[in-house]
$ cat input_31.cif   # mmCIF, C-alpha atoms
data_work
loop_
_atom_site.label_atom_id
_atom_site.label_comp_id
_atom_site.auth_asym_id
_atom_site.auth_seq_id
_atom_site.Cartn_x
_atom_site.Cartn_y
_atom_site.Cartn_z
CA MET H 26 31.01 26.39 -35.70
CA GLY H 27 31.03 27.77 -32.15
CA LEU H 28 31.84 25.77 -29.05
CA ASP H 29 28.22 25.88 -27.88
CA SER H 30 27.07 24.39 -31.18
CA ILE H 31 29.58 21.58 -30.87
CA PHE H 32 28.40 20.80 -27.35
CA LYS H 33 24.79 20.69 -28.56
CA ILE H 34 25.69 17.96 -31.03
CA PHE H 35 27.14 15.74 -28.32
CA ARG H 36 24.70 16.67 -25.58
CA PRO H 37 22.62 13.53 -24.87
CA LYS H 38 18.89 13.77 -25.26
CA ASP H 39 18.80 11.95 -21.95
CA ARG H 40 15.29 12.96 -20.95
CA VAL H 41 13.84 10.87 -23.75
CA PHE H 42 15.11 7.63 -22.23
CA PHE H 43 13.59 8.44 -18.86
CA TYR H 44 10.26 9.28 -20.51
CA HIS H 45 10.31 5.97 -22.37
CA PHE H 46 11.16 3.96 -19.26
CA GLU H 47 8.43 5.68 -17.26
CA ALA H 48 5.91 5.11 -20.04
CA SER H 49 6.85 1.44 -20.25
CA ALA H 50 6.65 0.92 -16.48
CA ALA H 51 3.26 2.69 -16.32
CA ASN H 52 2.00 0.56 -19.19
CA VAL H 53 3.17 -2.66 -17.53
CA LEU H 54 1.56 -1.59 -14.26
CA LYS H 55 -1.77 -1.08 -16.04
CA MET H 56 -1.36 -4.49 -17.67
CA SER H 57 -0.91 -6.06 -14.23
CA GLU H 58 -4.10 -4.37 -13.03
CA ASP H 59 -5.94 -5.75 -16.05
CA LEU H 60 -4.48 -9.20 -15.33
CA VAL H 61 -5.99 -9.13 -11.84
CA ALA H 62 -9.33 -8.09 -13.33
CA ILE H 63 -9.19 -10.87 -15.94
CA MET H 64 -8.47 -13.46 -13.24
CA ASN H 65 -11.66 -12.34 -11.48
CA THR H 66 -13.87 -12.30 -14.60
CA GLU H 67 -15.99 -15.18 -15.81
CA PRO H 68 -15.31 -16.52 -19.32
CA GLY H 69 -17.24 -14.84 -22.10
CA ALA H 70 -17.32 -11.72 -24.21
CA GLN H 71 -16.19 -9.41 -21.41
CA ARG H 72 -13.10 -11.46 -20.61
CA ILE H 73 -12.21 -11.78 -24.28
CA ALA H 74 -12.51 -8.00 -24.70
CA MET H 75 -10.26 -7.47 -21.69
CA LEU H 76 -7.73 -9.88 -23.14
CA GLU H 77 -7.76 -8.05 -26.48
CA LYS H 78 -7.09 -4.79 -24.61
CA LEU H 79 -4.21 -6.46 -22.79
CA GLU H 80 -2.75 -7.63 -26.10
CA LEU H 81 -2.85 -4.08 -27.46
CA ALA H 82 -1.02 -2.87 -24.35
CA GLU H 83 1.67 -5.51 -24.84
CA HIS H 84 2.10 -4.45 -28.48
CA ALA H 85 2.41 -0.85 -27.29
CA ASN H 86 5.15 -1.94 -24.93
CA ASP H 87 6.94 -3.69 -27.79
CA ASP H 88 6.81 -0.40 -29.70
CA LEU H 89 8.26 1.47 -26.72
CA THR H 90 11.07 -1.05 -26.43
CA HIS H 91 11.83 -0.69 -30.13
CA THR H 92 11.83 3.09 -29.76
CA ILE H 93 14.32 2.87 -26.90
CA PHE H 94 16.61 0.69 -28.99
CA THR H 95 16.29 3.09 -31.93
CA ASP H 96 17.13 6.11 -29.77
CA LEU H 97 20.01 4.17 -28.27
CA ALA H 98 21.45 3.62 -31.74
CA ARG H 99 21.04 7.29 -32.66
CA ASN H 100 22.54 8.83 -29.53
CA PHE H 101 26.32 8.86 -29.22
CA ILE H 102 26.18 9.94 -25.57
CA THR H 103 23.62 8.49 -23.13
CA PRO H 104 22.74 9.44 -19.54
CA ILE H 105 23.58 5.94 -18.28
CA ASP H 106 25.57 3.09 -19.78
CA ARG H 107 24.22 1.77 -23.04
CA GLU H 108 24.09 -1.81 -21.80
CA ASP H 109 22.06 -0.68 -18.78
CA ILE H 110 19.53 1.04 -21.04
CA HIS H 111 19.24 -2.08 -23.18
CA GLU H 112 18.92 -4.38 -20.17
CA LEU H 113 16.29 -2.24 -18.44
CA ALA H 114 14.17 -1.94 -21.59
CA THR H 115 14.39 -5.69 -22.14
CA SER H 116 13.52 -6.49 -18.52
CA LEU H 117 10.44 -4.26 -18.57
CA ASP H 118 9.29 -5.87 -21.81
CA ASP H 119 9.76 -9.34 -20.30
CA VAL H 120 7.29 -8.48 -17.52
CA ALA H 121 4.73 -7.42 -20.12
CA ASP H 122 5.28 -10.63 -22.09
CA PHE H 123 4.64 -12.92 -19.14
CA ILE H 124 1.60 -10.94 -18.00
CA LEU H 125 0.06 -11.37 -21.43
CA ALA H 126 1.02 -15.06 -21.61
CA SER H 127 -0.64 -15.71 -18.24
CA ALA H 128 -3.88 -14.10 -19.34
CA LYS H 129 -3.94 -15.63 -22.81
CA ASN H 130 -3.47 -19.11 -21.41
CA LEU H 131 -6.82 -18.89 -19.65
CA GLU H 132 -8.52 -18.95 -23.05
CA LEU H 133 -5.97 -21.07 -24.89
CA LEU H 134 -6.01 -23.79 -22.23
CA GLY H 135 -9.72 -23.60 -21.47
CA ILE H 136 -9.45 -22.48 -17.83
CA HIS H 137 -12.97 -21.24 -17.18
CA THR H 138 -12.53 -20.23 -13.56
CA PRO H 139 -9.03 -19.36 -12.32
CA ASP H 140 -8.40 -20.84 -8.88
CA ASP H 141 -7.14 -19.13 -5.73
CA THR H 142 -3.51 -19.73 -6.70
CA CYS H 143 -3.97 -17.96 -10.03
CA ARG H 144 -5.71 -15.00 -8.42
CA GLU H 145 -3.16 -14.67 -5.63
CA LEU H 146 -0.22 -14.88 -8.03
CA ALA H 147 -1.86 -12.25 -10.24
CA ARG H 148 -2.25 -10.01 -7.20
CA LEU H 149 1.43 -10.42 -6.40
CA VAL H 150 2.38 -9.63 -10.00
CA ASN H 151 0.45 -6.40 -9.63
CA GLU H 152 2.06 -5.63 -6.27
CA GLY H 153 5.50 -6.15 -7.78
CA CYS H 154 4.63 -3.89 -10.72
CA VAL H 155 3.49 -1.12 -8.37
CA ILE H 156 6.90 -1.12 -6.66
CA MET H 157 8.69 -1.48 -9.99
CA GLN H 158 6.90 1.54 -11.45
CA GLN H 159 7.77 3.62 -8.39
CA ALA H 160 11.40 2.55 -8.71
CA VAL H 161 11.60 3.48 -12.39
CA GLN H 162 10.38 6.99 -11.52
CA THR H 163 13.43 7.45 -9.28
CA LEU H 164 15.78 6.83 -12.20
CA ARG H 165 15.89 10.54 -13.06
CA SER H 166 17.62 11.13 -9.70
CA VAL H 167 20.15 8.39 -10.29
CA GLN H 168 23.09 10.65 -9.49
CA ASN H 169 21.79 11.63 -6.04
CA ALA H 170 23.93 9.85 -3.46
CA TYR H 171 21.09 9.76 -0.94
CA LEU H 172 18.83 7.81 -3.28
CA LYS H 173 17.33 4.82 -1.49
CA THR H 174 17.13 1.40 -3.11
CA ASP H 175 14.77 -0.29 -0.67
CA PHE H 176 12.48 -1.10 -3.58
CA VAL H 177 14.80 -4.02 -4.38
CA GLN H 178 14.08 -5.62 -1.01
CA ARG H 179 10.37 -4.90 -1.44
CA ILE H 180 10.22 -6.52 -4.87
CA ASN H 181 12.29 -9.43 -3.59
CA SER H 182 9.80 -9.90 -0.75
CA VAL H 183 6.92 -10.02 -3.23
CA GLU H 184 8.79 -12.54 -5.38
CA ASN H 185 9.46 -14.73 -2.33
CA GLN H 186 5.75 -14.65 -1.48
CA ALA H 187 4.98 -15.67 -5.06
CA ASP H 188 7.38 -18.63 -4.73
CA GLU H 189 5.52 -19.77 -1.63
CA VAL H 190 2.12 -19.39 -3.27
CA PHE H 191 3.38 -21.26 -6.33
CA ASP H 192 4.78 -24.14 -4.25
CA ARG H 193 1.58 -24.49 -2.22
CA GLY H 194 -0.48 -24.32 -5.40
CA ILE H 195 1.55 -27.04 -7.10
CA GLN H 196 1.29 -29.23 -4.02
CA ARG H 197 -2.47 -28.77 -3.86
CA LEU H 198 -2.80 -29.29 -7.59
CA PHE H 199 -1.08 -32.68 -7.52
CA THR H 200 -3.13 -33.68 -4.48
CA GLU H 201 -6.59 -32.58 -5.58
CA GLU H 202 -6.67 -32.40 -9.39
CA LYS H 203 -7.67 -35.78 -10.80
CA ASP H 204 -7.63 -34.81 -14.47
CA PRO H 205 -3.98 -35.01 -15.65
CA ILE H 206 -4.64 -32.75 -18.65
CA MET H 207 -6.19 -30.03 -16.48
CA LEU H 208 -3.33 -30.44 -14.02
CA MET H 209 -0.80 -29.65 -16.74
CA ARG H 210 -2.88 -26.72 -18.01
CA LYS H 211 -3.15 -25.10 -14.60
CA ARG H 212 0.52 -25.68 -13.90
CA LEU H 213 1.43 -23.79 -17.08
CA ILE H 214 -0.49 -20.75 -15.90
CA TYR H 215 1.07 -20.95 -12.45
CA VAL H 216 4.53 -21.03 -14.05
CA ASP H 217 3.91 -17.97 -16.24
CA LEU H 218 2.47 -15.98 -13.33
CA GLU H 219 5.40 -16.86 -11.08
CA LEU H 220 7.84 -15.97 -13.87
CA ALA H 221 6.15 -12.58 -14.18
CA THR H 222 7.08 -11.88 -10.56
CA ASP H 223 10.62 -13.08 -11.30
CA LYS H 224 10.82 -10.54 -14.13
CA THR H 225 9.74 -7.67 -11.87
CA GLU H 226 12.61 -8.67 -9.60
CA ASP H 227 14.94 -8.57 -12.61
CA VAL H 228 13.86 -4.97 -13.27
CA GLY H 229 14.60 -4.09 -9.66
CA ASN H 230 18.04 -5.68 -9.88
CA VAL H 231 18.89 -3.72 -13.04
CA LEU H 232 17.76 -0.47 -11.42
CA GLU H 233 19.76 -1.20 -8.28
CA SER H 234 22.85 -1.86 -10.37
CA ILE H 235 22.39 1.44 -12.21
CA MET H 236 21.84 3.44 -9.04
CA LEU H 237 24.80 1.94 -7.21
CA LYS H 238 26.96 2.68 -10.23
CA TYR H 239 26.00 6.33 -10.44
CA ALA H 240 25.26 7.25 -6.80
#

$ encode --input "input_31.cif" --output "C-alpha coordinates"
Amino acid sequence: MGLDSIFKIFRPKDRVFFYHFEASAANVLKMSEDLVAIMNTEPGAQRIAMLEKLELAEHANDDLTHTIFTDLARNFITPIDREDIHELATSLDDVADFILASAKNLELLGIHTPDDTCRELARLVNEGCVIMQQAVQTLRSVQNAYLKTDFVQRINSVENQADEVFDRGIQRLFTEEKDPIMLMRKRLIYVDLELATDKTEDVGNVLESIMLKYA
(Lines of atoms letter the chains of each structure in order from A and count residues from 1; the text may use other names and numbers.)
(Lines give C-alpha, C1' and ligand atoms only; values in the text may rest on other atoms or scores of the structure.)
Protein backbone atom coordinates (compact mmCIF):
# COMPACT_ATOMS: atom_id res chain seq x y z
CA MET A 1 0.00 0.00 0.00
CA GLY A 2 1.41 3.40 -0.99
CA LEU A 3 1.90 6.31 1.37
CA ASP A 4 -0.94 8.27 -0.23
CA SER A 5 -3.32 5.37 0.37
CA ILE A 6 -2.31 5.20 4.01
CA PHE A 7 -2.91 8.92 4.43
CA LYS A 8 -6.37 8.57 2.87
CA ILE A 9 -7.33 6.06 5.54
CA PHE A 10 -6.45 8.45 8.35
CA ARG A 11 -7.56 11.64 6.64
CA PRO A 12 -10.61 12.92 8.58
CA LYS A 13 -13.83 13.37 6.71
CA ASP A 14 -13.99 16.68 8.53
CA ARG A 15 -16.37 18.41 6.16
CA VAL A 16 -19.18 16.09 7.20
CA PHE A 17 -19.17 17.40 10.77
CA PHE A 18 -19.39 20.99 9.61
CA TYR A 19 -22.28 20.12 7.28
CA HIS A 20 -24.11 18.41 10.14
CA PHE A 21 -23.58 21.32 12.53
CA GLU A 22 -24.75 23.83 9.93
CA ALA A 23 -27.81 21.71 9.15
CA SER A 24 -28.66 21.43 12.83
CA ALA A 25 -28.23 25.16 13.47
CA ALA A 26 -30.37 26.02 10.41
CA ASN A 27 -33.04 23.58 11.57
CA VAL A 28 -33.07 25.05 15.08
CA LEU A 29 -33.29 28.57 13.64
CA LYS A 30 -36.35 27.57 11.60
CA MET A 31 -37.85 26.01 14.72
CA SER A 32 -37.40 29.31 16.56
CA GLU A 33 -39.17 31.14 13.74
CA ASP A 34 -42.04 28.67 13.96
CA LEU A 35 -42.13 29.17 17.74
CA VAL A 36 -42.65 32.91 17.26
CA ALA A 37 -45.43 32.18 14.76
CA ILE A 38 -47.11 29.71 17.13
CA MET A 39 -47.03 32.26 19.95
CA ASN A 40 -48.93 34.65 17.68
CA THR A 41 -51.51 32.12 16.46
CA GLU A 42 -54.90 31.53 18.02
CA PRO A 43 -55.67 28.01 19.28
CA GLY A 44 -57.22 25.68 16.74
CA ALA A 45 -56.36 23.52 13.77
CA GLN A 46 -53.75 25.92 12.38
CA ARG A 47 -51.79 26.07 15.63
CA ILE A 48 -51.96 22.30 16.05
CA ALA A 49 -50.65 21.82 12.51
CA MET A 50 -47.79 24.23 13.22
CA LEU A 51 -46.98 22.33 16.39
CA GLU A 52 -46.92 19.02 14.51
CA LYS A 53 -44.49 20.56 12.01
CA LEU A 54 -42.32 21.74 14.89
CA GLU A 55 -42.29 18.24 16.35
CA LEU A 56 -41.11 16.81 13.04
CA ALA A 57 -38.31 19.37 12.96
CA GLU A 58 -37.24 18.39 16.48
CA HIS A 59 -37.20 14.71 15.47
CA ALA A 60 -35.07 15.66 12.46
CA ASN A 61 -32.65 17.37 14.80
CA ASP A 62 -32.50 14.25 16.96
CA ASP A 63 -31.58 12.30 13.82
CA LEU A 64 -28.84 14.81 12.98
CA THR A 65 -27.44 14.54 16.49
CA HIS A 66 -27.43 10.76 16.25
CA THR A 67 -25.68 10.98 12.88
CA ILE A 68 -22.98 13.21 14.36
CA PHE A 69 -22.42 10.73 17.18
CA THR A 70 -22.27 7.85 14.69
CA ASP A 71 -19.74 9.66 12.50
CA LEU A 72 -17.77 10.54 15.60
CA ALA A 73 -17.51 6.86 16.49
CA ARG A 74 -16.45 5.92 12.96
CA ASN A 75 -13.77 8.56 12.45
CA PHE A 76 -10.41 8.01 14.09
CA ILE A 77 -9.25 11.55 13.32
CA THR A 78 -11.58 14.56 13.66
CA PRO A 79 -11.14 18.22 12.67
CA ILE A 80 -11.68 19.39 16.26
CA ASP A 81 -11.54 17.58 19.58
CA ARG A 82 -14.01 14.76 19.95
CA GLU A 83 -15.43 16.12 23.19
CA ASP A 84 -16.04 19.49 21.49
CA ILE A 85 -17.97 17.79 18.69
CA HIS A 86 -20.08 15.89 21.21
CA GLU A 87 -20.72 18.98 23.34
CA LEU A 88 -21.67 21.18 20.39
CA ALA A 89 -24.07 18.59 18.97
CA THR A 90 -25.66 18.14 22.40
CA SER A 91 -25.98 21.88 22.98
CA LEU A 92 -27.68 22.45 19.63
CA ASP A 93 -30.11 19.62 20.35
CA ASP A 94 -30.90 21.11 23.77
CA VAL A 95 -32.06 24.34 22.11
CA ALA A 96 -34.39 22.35 19.85
CA ASP A 97 -35.76 20.42 22.84
CA PHE A 98 -36.68 23.53 24.81
CA ILE A 99 -38.20 25.26 21.78
CA LEU A 100 -40.48 22.28 21.26
CA ALA A 101 -41.32 22.03 24.97
CA SER A 102 -42.31 25.71 25.06
CA ALA A 103 -44.66 25.31 22.12
CA LYS A 104 -46.15 22.00 23.23
CA ASN A 105 -46.98 23.38 26.65
CA LEU A 106 -49.40 25.85 25.11
CA GLU A 107 -51.65 22.93 24.18
CA LEU A 108 -50.78 20.64 27.07
CA LEU A 109 -51.43 23.33 29.68
CA GLY A 110 -54.40 24.91 27.93
CA ILE A 111 -52.88 28.34 27.29
CA HIS A 112 -55.25 29.73 24.69
CA THR A 113 -53.62 33.12 24.22
CA PRO A 114 -49.92 33.50 25.06
CA ASP A 115 -49.28 36.76 26.90
CA ASP A 116 -46.73 39.48 26.14
CA THR A 117 -44.06 37.73 28.20
CA CYS A 118 -44.40 34.53 26.18
CA ARG A 119 -44.26 36.38 22.88
CA GLU A 120 -41.28 38.51 23.89
CA LEU A 121 -39.34 35.52 25.20
CA ALA A 122 -40.09 33.64 21.97
CA ARG A 123 -38.77 36.61 20.00
CA LEU A 124 -35.57 36.57 22.04
CA VAL A 125 -35.20 32.82 21.50
CA ASN A 126 -35.36 33.50 17.78
CA GLU A 127 -32.88 36.38 18.03
CA GLY A 128 -30.45 34.14 19.89
CA CYS A 129 -30.86 31.40 17.29
CA VAL A 130 -30.10 33.84 14.47
CA ILE A 131 -26.76 34.74 16.08
CA MET A 132 -26.10 31.10 16.96
CA GLN A 133 -26.63 29.98 13.37
CA GLN A 134 -24.29 32.68 12.09
CA ALA A 135 -21.68 31.59 14.62
CA VAL A 136 -21.90 27.92 13.62
CA GLN A 137 -21.22 28.92 10.01
CA THR A 138 -17.87 30.39 11.08
CA LEU A 139 -16.74 27.04 12.47
CA ARG A 140 -15.20 26.04 9.13
CA SER A 141 -12.69 28.90 9.59
CA VAL A 142 -11.84 27.85 13.11
CA GLN A 143 -8.10 27.88 12.43
CA ASN A 144 -8.04 31.50 11.22
CA ALA A 145 -6.40 33.59 13.92
CA TYR A 146 -8.37 36.69 12.94
CA LEU A 147 -11.70 35.00 13.53
CA LYS A 148 -13.94 37.18 15.67
CA THR A 149 -15.97 35.78 18.54
CA ASP A 150 -18.24 38.75 19.19
CA PHE A 151 -21.23 36.46 18.72
CA VAL A 152 -20.68 35.26 22.30
CA GLN A 153 -21.27 38.77 23.65
CA ARG A 154 -24.28 39.17 21.35
CA ILE A 155 -25.87 35.92 22.49
CA ASN A 156 -25.08 36.81 26.10
CA SER A 157 -26.83 40.15 25.62
CA VAL A 158 -29.93 38.39 24.29
CA GLU A 159 -29.89 35.97 27.23
CA ASN A 160 -29.61 38.87 29.69
CA GLN A 161 -32.61 40.53 28.06
CA ALA A 162 -34.52 37.25 28.39
CA ASP A 163 -33.67 37.14 32.11
CA GLU A 164 -35.10 40.62 32.54
CA VAL A 165 -38.26 39.78 30.59
CA PHE A 166 -38.65 36.59 32.61
CA ASP A 167 -38.26 38.40 35.95
CA ARG A 168 -40.75 41.11 35.00
CA GLY A 169 -43.17 38.48 33.72
CA ILE A 170 -42.97 36.46 36.94
CA GLN A 171 -43.49 39.59 39.00
CA ARG A 172 -46.52 40.59 36.95
CA LEU A 173 -47.86 37.05 37.01
CA PHE A 174 -47.84 36.85 40.81
CA THR A 175 -49.40 40.31 41.02
CA GLU A 176 -52.16 39.99 38.44
CA GLU A 177 -53.00 36.29 37.98
CA LYS A 178 -55.67 35.27 40.48
CA ASP A 179 -56.01 31.65 39.37
CA PRO A 180 -53.18 29.68 41.07
CA ILE A 181 -53.41 26.83 38.55
CA MET A 182 -53.08 29.19 35.59
CA LEU A 183 -50.24 30.96 37.37
CA MET A 184 -48.28 27.70 37.58
CA ARG A 185 -49.07 26.83 33.96
CA LYS A 186 -47.85 30.15 32.63
CA ARG A 187 -44.76 30.03 34.80
CA LEU A 188 -43.83 26.65 33.29
CA ILE A 189 -43.90 28.14 29.80
CA TYR A 190 -41.87 31.15 30.90
CA VAL A 191 -39.24 28.81 32.38
CA ASP A 192 -38.92 26.70 29.21
CA LEU A 193 -38.65 29.79 27.00
CA GLU A 194 -36.00 31.34 29.23
CA LEU A 195 -34.09 28.05 29.31
CA ALA A 196 -34.13 28.00 25.50
CA THR A 197 -32.22 31.29 25.53
CA ASP A 198 -29.83 29.81 28.11
CA LYS A 199 -29.16 26.92 25.73
CA THR A 200 -28.33 29.26 22.84
CA GLU A 201 -25.78 30.86 25.14
CA ASP A 202 -24.37 27.39 25.87
CA VAL A 203 -23.86 26.86 22.13
CA GLY A 204 -22.04 30.17 21.91
CA ASN A 205 -19.80 29.24 24.83
CA VAL A 206 -18.89 25.90 23.23
CA LEU A 207 -18.08 27.61 19.93
CA GLU A 208 -15.97 30.24 21.67
CA SER A 209 -14.03 27.53 23.48
CA ILE A 210 -13.38 25.73 20.19
CA MET A 211 -12.28 28.87 18.38
CA LEU A 212 -9.96 30.02 21.14
CA LYS A 213 -8.42 26.57 21.22
CA TYR A 214 -7.69 26.46 17.51
CA ALA A 215 -7.13 30.13 16.61

$ resolve_selection --input "input_31.cif" --expression "the PyMOL selection byres ((chain H and resi 227) around 10)" --output "ChimeraX atom specification"
/H:112-113,115-117,119-120,157,177,180-181,221-226,228-233

$ resolve_selection --input "input_31.cif" --expression "the PyMOL selection byres ((chain H and resi 148) around 12)" --output "tab-separated table (two decimals) with C-alpha atoms, in the coordinates of the input"
chain	number	residue	atom	x	y	z
H	54	LEU	CA	1.56	-1.59	-14.26
H	56	MET	CA	-1.36	-4.49	-17.67
H	57	SER	CA	-0.91	-6.06	-14.23
H	58	GLU	CA	-4.10	-4.37	-13.03
H	59	ASP	CA	-5.94	-5.75	-16.05
H	60	LEU	CA	-4.48	-9.20	-15.33
H	61	VAL	CA	-5.99	-9.13	-11.84
H	62	ALA	CA	-9.33	-8.09	-13.33
H	63	ILE	CA	-9.19	-10.87	-15.94
H	64	MET	CA	-8.47	-13.46	-13.24
H	65	ASN	CA	-11.66	-12.34	-11.48
H	124	ILE	CA	1.60	-10.94	-18.00
H	141	ASP	CA	-7.14	-19.13	-5.73
H	142	THR	CA	-3.51	-19.73	-6.70
H	143	CYS	CA	-3.97	-17.96	-10.03
H	144	ARG	CA	-5.71	-15.00	-8.42
H	145	GLU	CA	-3.16	-14.67	-5.63
H	146	LEU	CA	-0.22	-14.88	-8.03
H	147	ALA	CA	-1.86	-12.25	-10.24
H	149	LEU	CA	1.43	-10.42	-6.40
H	150	VAL	CA	2.38	-9.63	-10.00
H	151	ASN	CA	0.45	-6.40	-9.63
H	152	GLU	CA	2.06	-5.63	-6.27
H	153	GLY	CA	5.50	-6.15	-7.78
H	154	CYS	CA	4.63	-3.89	-10.72
H	155	VAL	CA	3.49	-1.12	-8.37
H	183	VAL	CA	6.92	-10.02	-3.23
H	184	GLU	CA	8.79	-12.54	-5.38
H	186	GLN	CA	5.75	-14.65	-1.48
H	187	ALA	CA	4.98	-15.67	-5.06
H	190	VAL	CA	2.12	-19.39	-3.27
H	218	LEU	CA	2.47	-15.98	-13.33
H	219	GLU	CA	5.40	-16.86	-11.08
H	221	ALA	CA	6.15	-12.58	-14.18
H	222	THR	CA	7.08	-11.88	-10.56

$ closest_residue --input "input_31.cif" --among "H:Thr90, H:Glu108, H:Ala114, H:Glu77" --to "Val161 in chain H" --atoms "only C-alpha atoms"
H:Ala114

$ atom_distance --input "input_31.cif" --atom1 "CA of Leu220 in chain H" --atom2 "CA of Asp87 in chain H"
18.6 Å

$ closest_residue --input "input_31.cif" --among "H:Ile214, H:Ala98, H:Ile156, H:Ile93" --to "Leu125 in chain H" --atoms "all atoms listed in the file"
H:Ile214

$ atom_distance --input "input_31.cif" --atom1 "CA of Asn86 in chain H" --atom2 "CA of Glu47 in chain H"
11.3 Å

$ atom_distance --input "input_31.cif" --atom1 "CA of Gly69 in chain H" --atom2 "CA of Glu202 in chain H"
24.1 Å

$ closest_residue --input "input_31.cif" --among "H:Leu134, H:Val53, H:Val41, H:Ile110" --to "Gln158 in chain H" --atoms "all atoms listed in the file"
H:Val53

$ residues_around --input "input_31.cif" --residues "range 209-211 of chain H" --least-positions-apart "4" --cutoff "9 Å" --atoms "all atoms listed in the file" --output "PyMOL selection string"
chain H and resi 130-131+134-136+139-140+143+198+204-205+215-216
